[in-house]
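Heads up, data-v2.txt below (compact mmCIF, C-alpha atoms):
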```txt
# COMPACT_ATOMS: atom_id res chain seq x y z
CA MET A 1 -8.23 8.68 -17.36
CA ASP A 2 -5.62 5.96 -17.90
CA ILE A 3 -3.03 5.75 -15.14
CA ALA A 4 0.09 3.62 -15.59
CA ILE A 5 2.30 2.53 -12.70
CA PRO A 6 5.54 0.98 -13.99
CA LEU A 7 7.02 -1.71 -11.74
CA TYR A 8 10.59 -2.97 -11.64
CA ASP A 9 12.42 -5.43 -9.44
CA GLY A 10 12.94 -4.05 -5.94
CA PHE A 11 10.37 -1.23 -5.95
CA THR A 12 8.82 -0.24 -2.61
CA ALA A 13 5.27 -1.58 -2.33
CA LEU A 14 3.68 1.36 -0.52
CA ASP A 15 5.13 3.85 -3.06
CA ALA A 16 2.88 2.23 -5.66
CA VAL A 17 -0.08 1.04 -3.60
CA GLY A 18 -0.66 4.24 -1.57
CA PRO A 19 -1.32 6.41 -4.66
CA TYR A 20 -3.06 3.50 -6.40
CA GLU A 21 -5.59 3.30 -3.57
CA VAL A 22 -6.41 7.00 -4.05
CA LEU A 23 -6.20 7.35 -7.84
CA SER A 24 -8.21 4.19 -8.56
CA ARG A 25 -11.14 5.78 -6.69
CA ILE A 26 -11.40 8.78 -9.04
CA PRO A 27 -14.57 8.19 -11.07
CA GLY A 28 -13.64 7.08 -14.58
CA SER A 29 -10.04 6.27 -13.76
CA SER A 30 -8.33 3.04 -14.71
CA VAL A 31 -5.00 2.03 -13.18
CA THR A 32 -2.69 -0.43 -14.94
CA PHE A 33 0.50 -1.85 -13.47
CA VAL A 34 3.04 -2.28 -16.25
CA ALA A 35 6.49 -3.83 -16.49
CA VAL A 36 9.19 -4.53 -19.01
CA GLU A 37 8.13 -7.60 -20.89
CA PRO A 38 10.09 -10.64 -19.82
CA GLY A 39 11.63 -13.24 -22.04
CA PRO A 40 13.94 -13.08 -25.06
CA PRO A 41 13.96 -10.05 -27.39
CA LYS A 42 11.22 -10.14 -30.00
CA PRO A 43 11.44 -9.23 -33.69
CA ARG A 44 10.21 -5.75 -34.54
CA GLY A 45 6.50 -5.39 -35.09
CA HIS A 46 5.55 -8.28 -32.84
CA SER A 47 2.01 -8.26 -31.51
CA PRO A 48 1.28 -7.90 -27.78
CA SER A 49 2.61 -10.93 -26.01
CA ALA A 50 0.68 -13.53 -24.06
CA SER A 51 3.56 -13.73 -21.57
CA ILE A 52 2.12 -10.83 -19.53
CA PRO A 53 1.02 -10.71 -16.65
CA VAL A 54 4.37 -10.91 -14.89
CA SER A 55 5.16 -10.95 -11.20
CA VAL A 56 7.37 -8.17 -9.88
CA ASN A 57 9.14 -8.48 -6.53
CA THR A 58 9.16 -5.66 -4.01
CA ASP A 59 12.27 -4.40 -2.25
CA ASN A 60 12.51 -7.04 0.46
CA GLY A 61 11.20 -9.98 -1.54
CA MET A 62 8.29 -10.67 0.80
CA LEU A 63 5.60 -9.31 -1.51
CA THR A 64 4.98 -9.74 -5.21
CA LEU A 65 2.65 -7.64 -7.34
CA VAL A 66 1.36 -8.61 -10.73
CA ALA A 67 1.93 -6.32 -13.73
CA GLU A 68 -0.93 -7.07 -16.11
CA ARG A 69 0.53 -5.33 -19.15
CA SER A 70 3.87 -4.69 -20.81
CA LEU A 71 5.27 -1.19 -21.28
CA ASP A 72 4.61 -1.48 -25.03
CA ASP A 73 0.94 -2.22 -24.40
CA VAL A 74 0.41 1.08 -22.55
CA ALA A 75 2.18 3.71 -24.61
CA ARG A 76 0.08 6.83 -23.96
CA PRO A 77 -1.24 6.93 -20.39
CA ASP A 78 -2.79 10.16 -19.09
CA ILE A 79 -0.89 9.80 -15.84
CA VAL A 80 2.42 8.04 -15.18
CA LEU A 81 3.40 7.30 -11.59
CA VAL A 82 6.88 5.93 -10.89
CA PRO A 83 7.46 4.28 -7.50
CA GLY A 84 10.84 4.37 -5.80
CA GLY A 85 12.91 1.85 -3.94
CA PRO A 86 16.23 1.45 -2.13
CA GLY A 87 19.65 1.30 -3.81
CA ASP A 88 20.28 1.88 -7.48
CA VAL A 89 16.74 2.22 -8.76
CA VAL A 90 17.87 3.73 -12.05
CA ALA A 91 19.83 0.59 -12.96
CA ARG A 92 17.03 -1.70 -11.87
CA ALA A 93 14.40 0.27 -13.82
CA GLY A 94 16.65 -0.10 -16.86
CA GLU A 95 17.01 1.72 -20.16
CA PRO A 96 13.80 0.35 -21.75
CA MET A 97 11.79 1.86 -18.90
CA LEU A 98 13.64 5.20 -19.17
CA GLU A 99 12.88 5.26 -22.89
CA TRP A 100 9.22 4.40 -22.23
CA LEU A 101 9.03 7.26 -19.70
CA ARG A 102 10.43 9.77 -22.21
CA THR A 103 7.82 8.71 -24.75
CA ALA A 104 4.93 8.59 -22.29
CA ASP A 105 5.81 12.04 -20.95
CA ARG A 106 5.34 13.59 -24.40
CA THR A 107 1.58 12.99 -24.25
CA SER A 108 0.86 12.62 -20.53
CA THR A 109 -1.27 15.06 -18.54
CA TRP A 110 0.74 14.37 -15.38
CA THR A 111 4.12 12.67 -15.01
CA THR A 112 4.68 11.80 -11.37
CA SER A 113 6.85 9.90 -8.92
CA VAL A 114 7.01 8.81 -5.30
CA CYS A 115 10.19 8.62 -3.20
CA THR A 116 13.27 7.73 -5.26
CA GLY A 117 11.07 7.28 -8.31
CA SER A 118 12.13 10.89 -8.97
CA LEU A 119 15.70 9.65 -9.54
CA ILE A 120 14.32 7.51 -12.37
CA LEU A 121 12.44 10.47 -13.88
CA ALA A 122 15.61 12.57 -13.56
CA ALA A 123 17.77 9.87 -15.17
CA ALA A 124 15.30 9.84 -18.06
CA GLY A 125 16.01 13.58 -18.47
CA LEU A 126 12.53 14.68 -17.44
CA LEU A 127 13.45 16.78 -14.39
CA GLU A 128 16.23 18.92 -15.90
CA GLY A 129 16.08 22.30 -14.14
CA LYS A 130 12.77 21.47 -12.52
CA ARG A 131 11.88 21.75 -8.85
CA ALA A 132 11.37 18.24 -7.50
CA THR A 133 11.53 16.17 -4.33
CA SER A 134 12.47 12.63 -3.32
CA HIS A 135 13.13 10.56 -0.20
CA TRP A 136 14.99 12.87 2.21
CA LEU A 137 18.09 10.68 1.94
CA ALA A 138 18.10 11.00 -1.87
CA LEU A 139 17.79 14.77 -2.35
CA ASP A 140 21.52 15.27 -3.02
CA ARG A 141 21.48 12.55 -5.65
CA LEU A 142 18.42 14.16 -7.22
CA GLY A 143 20.40 17.37 -7.64
CA GLU A 144 23.31 15.51 -9.24
CA LEU A 145 20.84 14.21 -11.82
CA GLY A 146 19.86 17.74 -12.89
CA ALA A 147 16.76 18.56 -10.83
CA VAL A 148 16.41 21.39 -8.31
CA PRO A 149 15.98 19.45 -5.04
CA THR A 150 13.16 20.81 -2.91
CA SER A 151 12.45 19.67 0.67
CA GLU A 152 8.69 19.70 0.42
CA ARG A 153 6.27 16.81 0.74
CA VAL A 154 4.67 17.27 -2.69
CA VAL A 155 6.18 19.41 -5.46
CA PHE A 156 4.33 20.55 -8.57
CA ASP A 157 6.43 21.96 -11.43
CA GLY A 158 4.19 22.18 -14.45
CA LYS A 159 2.93 18.70 -15.14
CA LEU A 160 5.86 17.08 -13.31
CA VAL A 161 4.77 16.16 -9.78
CA THR A 162 7.04 14.49 -7.25
CA ALA A 163 6.44 13.25 -3.72
CA ALA A 164 8.84 12.76 -0.81
CA GLY A 165 9.53 9.33 0.72
CA VAL A 166 7.16 6.34 0.49
CA SER A 167 4.03 7.47 2.39
CA ALA A 168 4.08 10.93 0.74
CA GLY A 169 2.56 9.32 -2.34
CA ILE A 170 -0.82 9.26 -0.58
CA ASP A 171 -0.72 13.04 -0.06
CA MET A 172 0.41 13.60 -3.66
CA ALA A 173 -2.38 11.41 -5.01
CA LEU A 174 -5.01 13.34 -3.03
CA ALA A 175 -3.63 16.62 -4.40
CA LEU A 176 -3.78 15.18 -7.92
CA ALA A 177 -7.31 13.88 -7.37
CA ALA A 178 -8.38 17.41 -6.43
CA ARG A 179 -6.80 18.89 -9.56
CA ILE A 180 -8.37 16.23 -11.77
CA ALA A 181 -11.83 15.79 -10.27
CA GLY A 182 -12.32 18.65 -7.80
CA ASP A 183 -11.99 19.12 -4.06
CA GLN A 184 -15.17 17.27 -3.15
CA VAL A 185 -14.12 14.10 -4.95
CA ALA A 186 -10.70 14.24 -3.27
CA GLN A 187 -12.34 14.72 0.12
CA ALA A 188 -14.70 11.80 -0.53
CA ILE A 189 -11.71 9.61 -1.35
CA GLN A 190 -9.91 10.78 1.79
CA LEU A 191 -12.97 9.94 3.89
CA GLY A 192 -13.41 6.63 2.07
CA ILE A 193 -9.91 5.52 3.05
CA GLU A 194 -10.39 7.20 6.46
CA TYR A 195 -7.13 9.11 6.04
CA ASP A 196 -7.11 10.97 9.34
CA PRO A 197 -3.48 10.21 10.23
CA GLN A 198 -2.61 9.72 13.89
CA PRO A 199 0.90 8.28 13.99
CA PRO A 200 1.95 7.34 17.53
CA PHE A 201 5.16 9.38 17.15
CA ASP A 202 6.10 12.66 15.46
CA ALA A 203 9.19 11.25 13.78
CA GLY A 204 8.30 11.30 10.11
CA SER A 205 10.85 13.84 8.88
CA PRO A 206 14.53 14.45 9.68
CA GLN A 207 13.52 17.81 11.19
CA LYS A 208 11.12 16.15 13.63
CA ALA A 209 12.70 12.78 14.46
CA PRO A 210 15.16 12.41 17.37
CA ALA A 211 18.73 13.11 16.21
CA GLU A 212 19.89 9.57 17.00
CA VAL A 213 17.14 8.11 14.82
CA VAL A 214 18.14 10.38 11.94
CA GLU A 215 21.77 9.28 12.34
CA LEU A 216 20.72 5.63 12.43
CA LEU A 217 18.99 5.97 9.06
CA ARG A 218 21.86 7.98 7.54
CA SER A 219 24.42 5.36 8.60
CA ARG A 220 22.36 2.52 7.11
CA SER A 221 21.95 4.20 3.76
CA VAL A 222 25.66 4.62 3.07
CA MET B 1 8.58 -12.90 14.27
CA ASP B 2 6.37 -14.53 11.63
CA ILE B 3 3.61 -12.28 10.36
CA ALA B 4 0.81 -13.71 8.22
CA ILE B 5 -1.51 -11.56 6.10
CA PRO B 6 -4.42 -13.62 4.75
CA LEU B 7 -5.75 -12.46 1.38
CA TYR B 8 -9.16 -13.16 -0.16
CA ASP B 9 -10.85 -12.01 -3.31
CA GLY B 10 -11.84 -8.34 -3.13
CA PHE B 11 -9.63 -7.21 -0.23
CA THR B 12 -8.49 -3.57 -0.20
CA ALA B 13 -4.85 -3.30 -1.24
CA LEU B 14 -3.76 -0.52 1.13
CA ASP B 15 -5.28 -2.35 4.14
CA ALA B 16 -2.65 -5.03 3.59
CA VAL B 17 0.24 -3.09 2.09
CA GLY B 18 0.28 -0.15 4.55
CA PRO B 19 0.93 -2.35 7.61
CA TYR B 20 3.14 -4.66 5.55
CA GLU B 21 5.44 -1.74 4.70
CA VAL B 22 5.84 -0.99 8.44
CA LEU B 23 5.93 -4.50 9.91
CA SER B 24 8.34 -5.91 7.31
CA ARG B 25 10.90 -3.31 8.48
CA ILE B 26 11.00 -4.61 12.07
CA PRO B 27 14.39 -6.34 12.41
CA GLY B 28 13.90 -10.11 12.35
CA SER B 29 10.35 -10.00 11.02
CA SER B 30 9.13 -12.05 8.11
CA VAL B 31 5.82 -11.30 6.40
CA THR B 32 3.97 -13.97 4.42
CA PHE B 33 0.86 -13.37 2.34
CA VAL B 34 -1.37 -16.44 2.57
CA ALA B 35 -4.59 -17.53 0.90
CA VAL B 36 -6.96 -20.44 0.77
CA GLU B 37 -5.33 -23.00 -1.43
CA PRO B 38 -7.02 -23.22 -4.80
CA GLY B 39 -7.95 -26.36 -6.62
CA PRO B 40 -9.88 -29.48 -5.63
CA PRO B 41 -9.96 -30.68 -2.00
CA LYS B 42 -6.98 -32.80 -1.04
CA PRO B 43 -6.93 -36.03 0.95
CA ARG B 44 -5.99 -35.65 4.61
CA GLY B 45 -2.31 -35.59 5.38
CA HIS B 46 -1.30 -34.20 2.01
CA SER B 47 2.04 -32.48 1.84
CA PRO B 48 2.34 -28.76 1.05
CA SER B 49 1.15 -28.15 -2.45
CA ALA B 50 3.11 -26.87 -5.40
CA SER B 51 0.01 -24.99 -6.59
CA ILE B 52 0.83 -21.99 -4.40
CA PRO B 53 1.63 -19.08 -5.09
CA VAL B 54 -1.79 -17.87 -6.13
CA SER B 55 -2.87 -14.48 -7.39
CA VAL B 56 -5.51 -12.66 -5.35
CA ASN B 57 -7.50 -9.78 -6.82
CA THR B 58 -8.08 -6.56 -4.92
CA ASP B 59 -11.47 -4.89 -4.53
CA ASN B 60 -11.63 -3.13 -7.88
CA GLY B 61 -9.81 -5.74 -9.95
CA MET B 62 -7.03 -3.37 -11.07
CA LEU B 63 -4.34 -4.86 -8.84
CA THR B 64 -3.36 -8.42 -8.07
CA LEU B 65 -1.11 -9.51 -5.21
CA VAL B 66 0.56 -12.89 -4.97
CA ALA B 67 -0.02 -15.11 -1.93
CA GLU B 68 3.09 -17.25 -1.66
CA ARG B 69 1.70 -19.80 0.79
CA SER B 70 -1.52 -21.57 1.63
CA LEU B 71 -3.29 -21.13 4.96
CA ASP B 72 -2.27 -24.69 5.92
CA ASP B 73 1.37 -23.89 5.32
CA VAL B 74 1.37 -21.09 7.92
CA ALA B 75 -0.51 -22.46 10.91
CA ARG B 76 1.15 -20.68 13.83
CA PRO B 77 2.14 -17.11 12.93
CA ASP B 78 3.18 -14.76 15.72
CA ILE B 79 1.06 -11.99 14.22
CA VAL B 80 -2.05 -12.28 12.09
CA LEU B 81 -3.24 -9.21 10.18
CA VAL B 82 -6.59 -9.37 8.36
CA PRO B 83 -7.25 -6.71 5.71
CA GLY B 84 -10.76 -5.46 4.98
CA GLY B 85 -12.68 -4.70 1.83
CA PRO B 86 -16.06 -3.47 0.62
CA GLY B 87 -19.28 -5.51 0.71
CA ASP B 88 -19.66 -8.91 2.32
CA VAL B 89 -16.08 -9.60 3.34
CA VAL B 90 -17.10 -12.41 5.68
CA ALA B 91 -18.59 -14.43 2.84
CA ARG B 92 -15.63 -13.75 0.57
CA ALA B 93 -13.11 -14.70 3.26
CA GLY B 94 -15.04 -17.95 3.65
CA GLU B 95 -15.33 -20.59 6.36
CA PRO B 96 -11.86 -22.13 5.82
CA MET B 97 -10.27 -18.74 6.56
CA LEU B 98 -12.48 -18.21 9.64
CA GLU B 99 -11.43 -21.63 10.92
CA TRP B 100 -7.76 -20.84 10.21
CA LEU B 101 -8.11 -17.57 12.15
CA ARG B 102 -9.59 -19.37 15.18
CA THR B 103 -6.67 -21.79 15.19
CA ALA B 104 -4.00 -19.14 14.56
CA ASP B 105 -5.40 -16.95 17.34
CA ARG B 106 -4.82 -19.71 19.91
CA THR B 107 -1.04 -19.30 19.63
CA SER B 108 -0.60 -15.80 18.19
CA THR B 109 1.05 -12.95 20.07
CA TRP B 110 -1.12 -10.40 18.27
CA THR B 111 -4.31 -10.95 16.26
CA THR B 112 -5.06 -7.82 14.26
CA SER B 113 -7.19 -6.32 11.52
CA VAL B 114 -7.53 -3.23 9.37
CA CYS B 115 -10.82 -1.66 8.27
CA THR B 116 -13.60 -4.24 7.78
CA GLY B 117 -11.10 -7.00 8.50
CA SER B 118 -12.52 -6.69 12.02
CA LEU B 119 -15.86 -8.01 10.71
CA ILE B 120 -14.01 -11.16 9.69
CA LEU B 121 -12.37 -11.50 13.11
CA ALA B 122 -15.78 -10.94 14.73
CA ALA B 123 -17.46 -13.52 12.48
CA ALA B 124 -14.78 -15.98 13.56
CA GLY B 125 -15.88 -15.35 17.15
CA LEU B 126 -12.65 -13.64 18.18
CA LEU B 127 -14.07 -10.23 19.16
CA GLU B 128 -16.96 -11.35 21.40
CA GLY B 129 -17.35 -8.67 24.07
CA LYS B 130 -14.11 -6.98 23.07
CA ARG B 131 -13.57 -3.31 22.30
CA ALA B 132 -12.77 -3.01 18.59
CA THR B 133 -12.95 -0.65 15.64
CA SER B 134 -13.55 -0.85 11.89
CA HIS B 135 -14.23 1.41 8.93
CA TRP B 136 -16.53 4.16 10.22
CA LEU B 137 -19.33 2.91 7.96
CA ALA B 138 -19.06 -0.62 9.43
CA LEU B 139 -19.14 0.09 13.19
CA ASP B 140 -22.84 -0.84 13.53
CA ARG B 141 -22.25 -4.13 11.75
CA LEU B 142 -19.27 -4.78 14.04
CA GLY B 143 -21.59 -4.44 17.05
CA GLU B 144 -24.10 -6.87 15.51
CA LEU B 145 -21.29 -9.41 15.29
CA GLY B 146 -20.65 -9.26 19.04
CA ALA B 147 -17.86 -6.72 19.45
CA VAL B 148 -18.05 -3.43 21.39
CA PRO B 149 -17.68 -0.86 18.58
CA THR B 150 -15.23 1.89 19.45
CA SER B 151 -14.71 5.02 17.35
CA GLU B 152 -10.96 5.22 17.78
CA ARG B 153 -8.26 4.96 15.15
CA VAL B 154 -6.43 2.03 16.76
CA VAL B 155 -7.94 -0.13 19.52
CA PHE B 156 -5.97 -2.53 21.71
CA ASP B 157 -8.00 -5.06 23.77
CA GLY B 158 -5.55 -7.59 25.09
CA LYS B 159 -3.83 -9.15 22.09
CA LEU B 160 -6.67 -8.22 19.75
CA VAL B 161 -5.79 -5.03 17.88
CA THR B 162 -8.07 -3.39 15.33
CA ALA B 163 -7.61 -0.33 13.11
CA ALA B 164 -10.19 1.99 11.56
CA GLY B 165 -10.59 2.35 7.78
CA VAL B 166 -7.87 1.51 5.23
CA SER B 167 -5.07 4.00 5.99
CA ALA B 168 -5.40 3.47 9.77
CA GLY B 169 -3.45 0.25 9.33
CA ILE B 170 -0.25 2.30 9.02
CA ASP B 171 -0.83 3.91 12.42
CA MET B 172 -1.70 0.53 13.96
CA ALA B 173 1.42 -1.08 12.55
CA LEU B 174 3.63 1.68 14.00
CA ALA B 175 2.00 1.20 17.40
CA LEU B 176 2.61 -2.55 17.13
CA ALA B 177 6.22 -2.00 16.04
CA ALA B 178 6.77 0.07 19.18
CA ARG B 179 5.32 -2.65 21.43
CA ILE B 180 7.37 -5.34 19.71
CA ALA B 181 10.71 -3.63 19.14
CA GLY B 182 10.63 -0.39 21.13
CA ASP B 183 9.94 3.25 20.39
CA GLN B 184 13.24 3.93 18.62
CA VAL B 185 12.72 1.15 16.08
CA ALA B 186 9.18 2.38 15.41
CA GLN B 187 10.46 5.95 14.96
CA ALA B 188 13.19 4.73 12.59
CA ILE B 189 10.56 2.94 10.51
CA GLN B 190 8.38 6.06 10.49
CA LEU B 191 11.33 8.16 9.32
CA GLY B 192 12.31 5.49 6.78
CA ILE B 193 8.88 5.69 5.14
CA GLU B 194 8.87 9.48 5.72
CA TYR B 195 5.46 9.26 7.38
CA ASP B 196 4.93 12.94 8.12
CA PRO B 197 1.36 13.14 6.83
CA GLN B 198 0.24 16.35 5.14
CA PRO B 199 -3.08 15.62 3.46
CA PRO B 200 -4.31 18.58 1.39
CA PHE B 201 -7.70 18.44 3.17
CA ASP B 202 -8.86 17.69 6.71
CA ALA B 203 -11.60 15.35 5.62
CA GLY B 204 -10.41 11.96 6.89
CA SER B 205 -13.12 11.25 9.45
CA PRO B 206 -16.90 11.76 9.47
CA GLN B 207 -16.45 14.30 12.28
CA LYS B 208 -14.07 16.40 10.16
CA ALA B 209 -15.32 16.02 6.57
CA PRO B 210 -17.95 18.38 5.11
CA ALA B 211 -21.47 17.05 5.83
CA GLU B 212 -22.26 16.62 2.13
CA VAL B 213 -19.18 14.45 1.66
CA VAL B 214 -20.19 12.26 4.60
CA GLU B 215 -23.69 11.90 3.14
CA LEU B 216 -22.23 11.04 -0.27
CA LEU B 217 -20.28 8.13 1.24
CA ARG B 218 -23.23 6.96 3.35
CA SER B 219 -25.54 6.89 0.34
CA ARG B 220 -23.03 4.89 -1.73
CA SER B 221 -22.51 2.26 0.91
CA VAL B 222 -26.19 1.29 1.22
```
Represent the supplied structure as C-alpha cells.
Amino acid sequence: MDIAIPLYDGFTALDAVGPYEVLSRIPGSSVTFVAVEPGPPKPRGHSPSASIPVSVNTDNGMLTLVAERSLDDVARPDIVLVPGGPGDVVARAGEPMLEWLRTADRTSTWTTSVCTGSLILAAAGLLEGKRATSHWLALDRLGELGAVPTSERVVFDGKLVTAAGVSAGIDMALALAARIAGDQVAQAIQLGIEYDPQPPFDAGSPQKAPAEVVELLRSRSV
Amino acid sequence: MDIAIPLYDGFTALDAVGPYEVLSRIPGSSVTFVAVEPGPPKPRGHSPSASIPVSVNTDNGMLTLVAERSLDDVARPDIVLVPGGPGDVVARAGEPMLEWLRTADRTSTWTTSVCTGSLILAAAGLLEGKRATSHWLALDRLGELGAVPTSERVVFDGKLVTAAGVSAGIDMALALAARIAGDQVAQAIQLGIEYDPQPPFDAGSPQKAPAEVVELLRSRSV
C-alpha cells in the first residue's frame, strides 16, 4: 500500500502529518512525501535525479519537511493525499503537480485531500460534480471549482475522499484505515495515538464557536 | 514568546507537529525546532555553527523534519515542548539534551511534553514528585522515574505541563494558548484548524477501546 503525500511551498504541516501518523501505522503501508523536483528543466527521458530529497517550507516558515522523492519517482501510488494551506494553494501547487494528480488518480485506489487540498484536486478537474468538503472558509471557492460543497467533516464520493479543515485529516485517515484494513486495525491505531479528543473549548466549527470568533476568522481570511 | 521543540532520532511526528500547529498561531509566537548539533565536538566558546539545519528522522523513518538550530543556539526559550516516541526515548534524546532541558527549565515559563516526552523530562530530573502524564502504556515507567503518574489527558503541575499519548498534544497546546493569550485566541486557533473531532470509533483510551484492542497494543509494546 503505497501512499504519496505531495508537498508544495506553504502547505499546512498538520494537514499532512495528522493523516501520515495514522496511515503509516497500517500494516504494510509505506508513506512517501513527494515534491516537484527542483532545479532547471531536464531533457526528456532523464533518470531519477540525485537532487531529491528537497526541503519544503510550511505555511508560516517555521517548519520544514523533507520530501524524499520527486513526483516523477512516484507515479502510481495506491493512495494520494493532498494537504491544504492558506491563500492561493492552486498556484503554489503548480501545473506540474496538477498534471501528476490527474495521472495518479487514474490508477489510485483512493484520491484524498485535507482542508484546502480539495481546491487543488478540484483545479485538477478531479472533483467535477462530486460531493466534497474543504476548510469551512473555502467551501464557496470549492463550488466555483466545480465540486458540490458539503459541510461534513469527512466526505466519501466513490474513491474521492475529502476532509474539512486541518485537524479533520486525522478523522479521515482513521475512516480510510478502517476501509483498508478493518475496524480493529483502525481502533488499534486510534488507541496507539491515544486519540480521545478533549479540547478545552467547543469552538471547532463555525456552528459551535462564539459568533465573534467566527467573525474574527472571516475578517482575517479576506 | 520563543517556543523550542527539541527533536531527536525516532521522535513521533504528530507529538511535535500537533502542538506546533496550535502554538505557532498564537500572535507573537515563534517556534524553533532544535537538535543536538551534529559533527565533531567543538572547542569551548565556538560561535554558532553553519552545520545546522539538520534533518531528524521520525520513529518509522518515513518522514524527516528539519531542525533549524542547535540546542546551544536556543538556550532560554519561553516554552519548551518535548515530543515522545517509541522505545528508549531517554537514550535516544541523550545526555546533552537532558542537560539542555535542565538549563532551559531554569528560565522557562512553561516546560512541557507530549506522550513519552515526559519520560525524558523525568530522566532530566524535572518531574521529581510532580503530577504528570504520558502515553497510557508508559505511565508505570513514568512513576519509576520519580513522577506521580496521573491518568489525565493534560496535567498541569506548576509550570510543568504534560500530555497523554501523541494526539493529546493538540489539547495541551490549546490549553496553553488559553493561559498565554486568553480564551478567545485559543478558540480562534481551534476554529482555524477546525478542531471539531469526530473520530469514527470511540477507541482512543484503554478505558474505551475494545478489550482485545487494548491487549493487542499491550502485547506489541513488550
Report as JSON lines the residues of chain A within 6 Å of chain B, each with its shortest atom pair and distance in Å (one decimal), using all atoms listed in the file, ordered by chain and increasing residue number.
```
{"residue": "A:Thr64", "atom": "CA", "partner": "B:Val66", "partner_atom": "CA", "distance": 5.4}
{"residue": "A:Leu65", "atom": "CA", "partner": "B:Leu65", "partner_atom": "CA", "distance": 4.7}
{"residue": "A:Val66", "atom": "CA", "partner": "B:Thr64", "partner_atom": "CA", "distance": 5.4}
{"residue": "A:Gly165", "atom": "CA", "partner": "B:Glu194", "partner_atom": "CA", "distance": 5.0}
{"residue": "A:Val166", "atom": "CA", "partner": "B:Ile193", "partner_atom": "CA", "distance": 5.0}
{"residue": "A:Ser167", "atom": "CA", "partner": "B:Tyr195", "partner_atom": "CA", "distance": 5.5}
{"residue": "A:Asp171", "atom": "CA", "partner": "B:Pro199", "partner_atom": "CA", "distance": 5.0}
{"residue": "A:Gln187", "atom": "CA", "partner": "B:Ala203", "partner_atom": "CA", "distance": 5.6}
{"residue": "A:Ala188", "atom": "CA", "partner": "B:Val213", "partner_atom": "CA", "distance": 5.6}
{"residue": "A:Gln190", "atom": "CA", "partner": "B:Gly204", "partner_atom": "CA", "distance": 5.3}
{"residue": "A:Leu191", "atom": "CA", "partner": "B:Gly204", "partner_atom": "CA", "distance": 4.4}
{"residue": "A:Ile193", "atom": "CA", "partner": "B:Val166", "partner_atom": "CA", "distance": 5.0}
{"residue": "A:Glu194", "atom": "CA", "partner": "B:Gly204", "partner_atom": "CA", "distance": 4.8}
{"residue": "A:Tyr195", "atom": "CA", "partner": "B:Gly204", "partner_atom": "CA", "distance": 4.4}
{"residue": "A:Asp196", "atom": "CA", "partner": "B:Gly204", "partner_atom": "CA", "distance": 4.2}
{"residue": "A:Pro199", "atom": "CA", "partner": "B:Asp171", "partner_atom": "CA", "distance": 5.0}
{"residue": "A:Ala203", "atom": "CA", "partner": "B:Gln187", "partner_atom": "CA", "distance": 5.6}
{"residue": "A:Gly204", "atom": "CA", "partner": "B:Asp196", "partner_atom": "CA", "distance": 4.2}
{"residue": "A:Ser205", "atom": "CA", "partner": "B:Leu191", "partner_atom": "CA", "distance": 5.7}
{"residue": "A:Val213", "atom": "CA", "partner": "B:Ala188", "partner_atom": "CA", "distance": 5.7}
```
Would you save the residues from that selection as a compact mmCIF listing (two decimals), in the coordinates of the input, using C-alpha atoms?
```txt
# COMPACT_ATOMS: atom_id res chain seq x y z
CA THR A 64 4.98 -9.74 -5.21
CA LEU A 65 2.65 -7.64 -7.34
CA VAL A 66 1.36 -8.61 -10.73
CA GLY A 165 9.53 9.33 0.72
CA VAL A 166 7.16 6.34 0.49
CA SER A 167 4.03 7.47 2.39
CA ASP A 171 -0.72 13.04 -0.06
CA GLN A 187 -12.34 14.72 0.12
CA ALA A 188 -14.70 11.80 -0.53
CA GLN A 190 -9.91 10.78 1.79
CA LEU A 191 -12.97 9.94 3.89
CA ILE A 193 -9.91 5.52 3.05
CA GLU A 194 -10.39 7.20 6.46
CA TYR A 195 -7.13 9.11 6.04
CA ASP A 196 -7.11 10.97 9.34
CA PRO A 199 0.90 8.28 13.99
CA ALA A 203 9.19 11.25 13.78
CA GLY A 204 8.30 11.30 10.11
CA SER A 205 10.85 13.84 8.88
CA VAL A 213 17.14 8.11 14.82
```
Item to check | Nearby residues (only C-alpha atoms) at most 9 Å from range 105-110 of chain A, same-chain spacing under 2 positions excluded, as a ChimeraX atom specification | outcome: /A:76-81,100-103,112,126,158-161,176
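Across the model, the gap from CA of Met1 in chain A to CA of Glu95 in chain A is 26.3 Å.
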Checklist entry - By how many Å are CA of Thr133 in chain B and CA of Leu119 in chain B apart? => result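 Interatomic distance here is 9.3 Å.
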Checklist entry - To one decimal place, how far is CA of Ser134 in chain A from CA of Thr162 in chain A in Å? => result 7.0 Å
Checklist entry - Which residue gives the smallest distance to Met97 in chain B among B:Arg131, B:Ala163, B:Pro6, B:Glu152, with all atoms listed in the file counted? => result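 Closest to Met97 in chain B of all the choices is B:Pro6.
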Checklist entry - Nearest to Asp59 in chain B: which of B:Gly87, B:Gly10, B:Gly146, B:Gly94 is it, counting all atoms listed in the file? => result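 Closest candidate: B:Gly10.
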Quick one: 3 Å padding each side, axis-aligned, all listed atoms of range 107-111 of chain A - centre and edge lengths in Å to one decimal, as lines of an AutoDock Vina configuration file?
```
center_x = 1.4
center_y = 13.8
center_z = -19.6
size_x = 11.4
size_y = 8.4
size_z = 15.2
```
Test item: write range 158-163 of chain B with N, CA and C atoms as a PDB file, in the first residue's frame:
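Final output, result-v2.pdb:
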```
ATOM      1  N   GLY B 158       2.247  23.232  38.406  1.00  0.00           N
ATOM      2  CA  GLY B 158       3.069  24.438  38.302  1.00  0.00           C
ATOM      3  C   GLY B 158       3.321  24.740  36.841  1.00  0.00           C
ATOM      4  N   LYS B 159       4.571  24.959  36.481  1.00  0.00           N
ATOM      5  CA  LYS B 159       4.865  25.280  35.082  1.00  0.00           C
ATOM      6  C   LYS B 159       5.187  24.042  34.261  1.00  0.00           C
ATOM      7  N   LEU B 160       5.154  22.879  34.910  1.00  0.00           N
ATOM      8  CA  LEU B 160       5.365  21.628  34.181  1.00  0.00           C
ATOM      9  C   LEU B 160       4.028  21.117  33.658  1.00  0.00           C
ATOM     10  N   VAL B 161       3.933  20.947  32.350  1.00  0.00           N
ATOM     11  CA  VAL B 161       2.677  20.536  31.731  1.00  0.00           C
ATOM     12  C   VAL B 161       2.953  19.322  30.858  1.00  0.00           C
ATOM     13  N   THR B 162       2.209  18.258  31.073  1.00  0.00           N
ATOM     14  CA  THR B 162       2.426  17.035  30.305  1.00  0.00           C
ATOM     15  C   THR B 162       1.119  16.592  29.656  1.00  0.00           C
ATOM     16  N   ALA B 163       1.237  15.990  28.479  1.00  0.00           N
ATOM     17  CA  ALA B 163       0.065  15.495  27.746  1.00  0.00           C
ATOM     18  C   ALA B 163       0.170  13.983  27.614  1.00  0.00           C
TER      19      ALA B 163
END
```
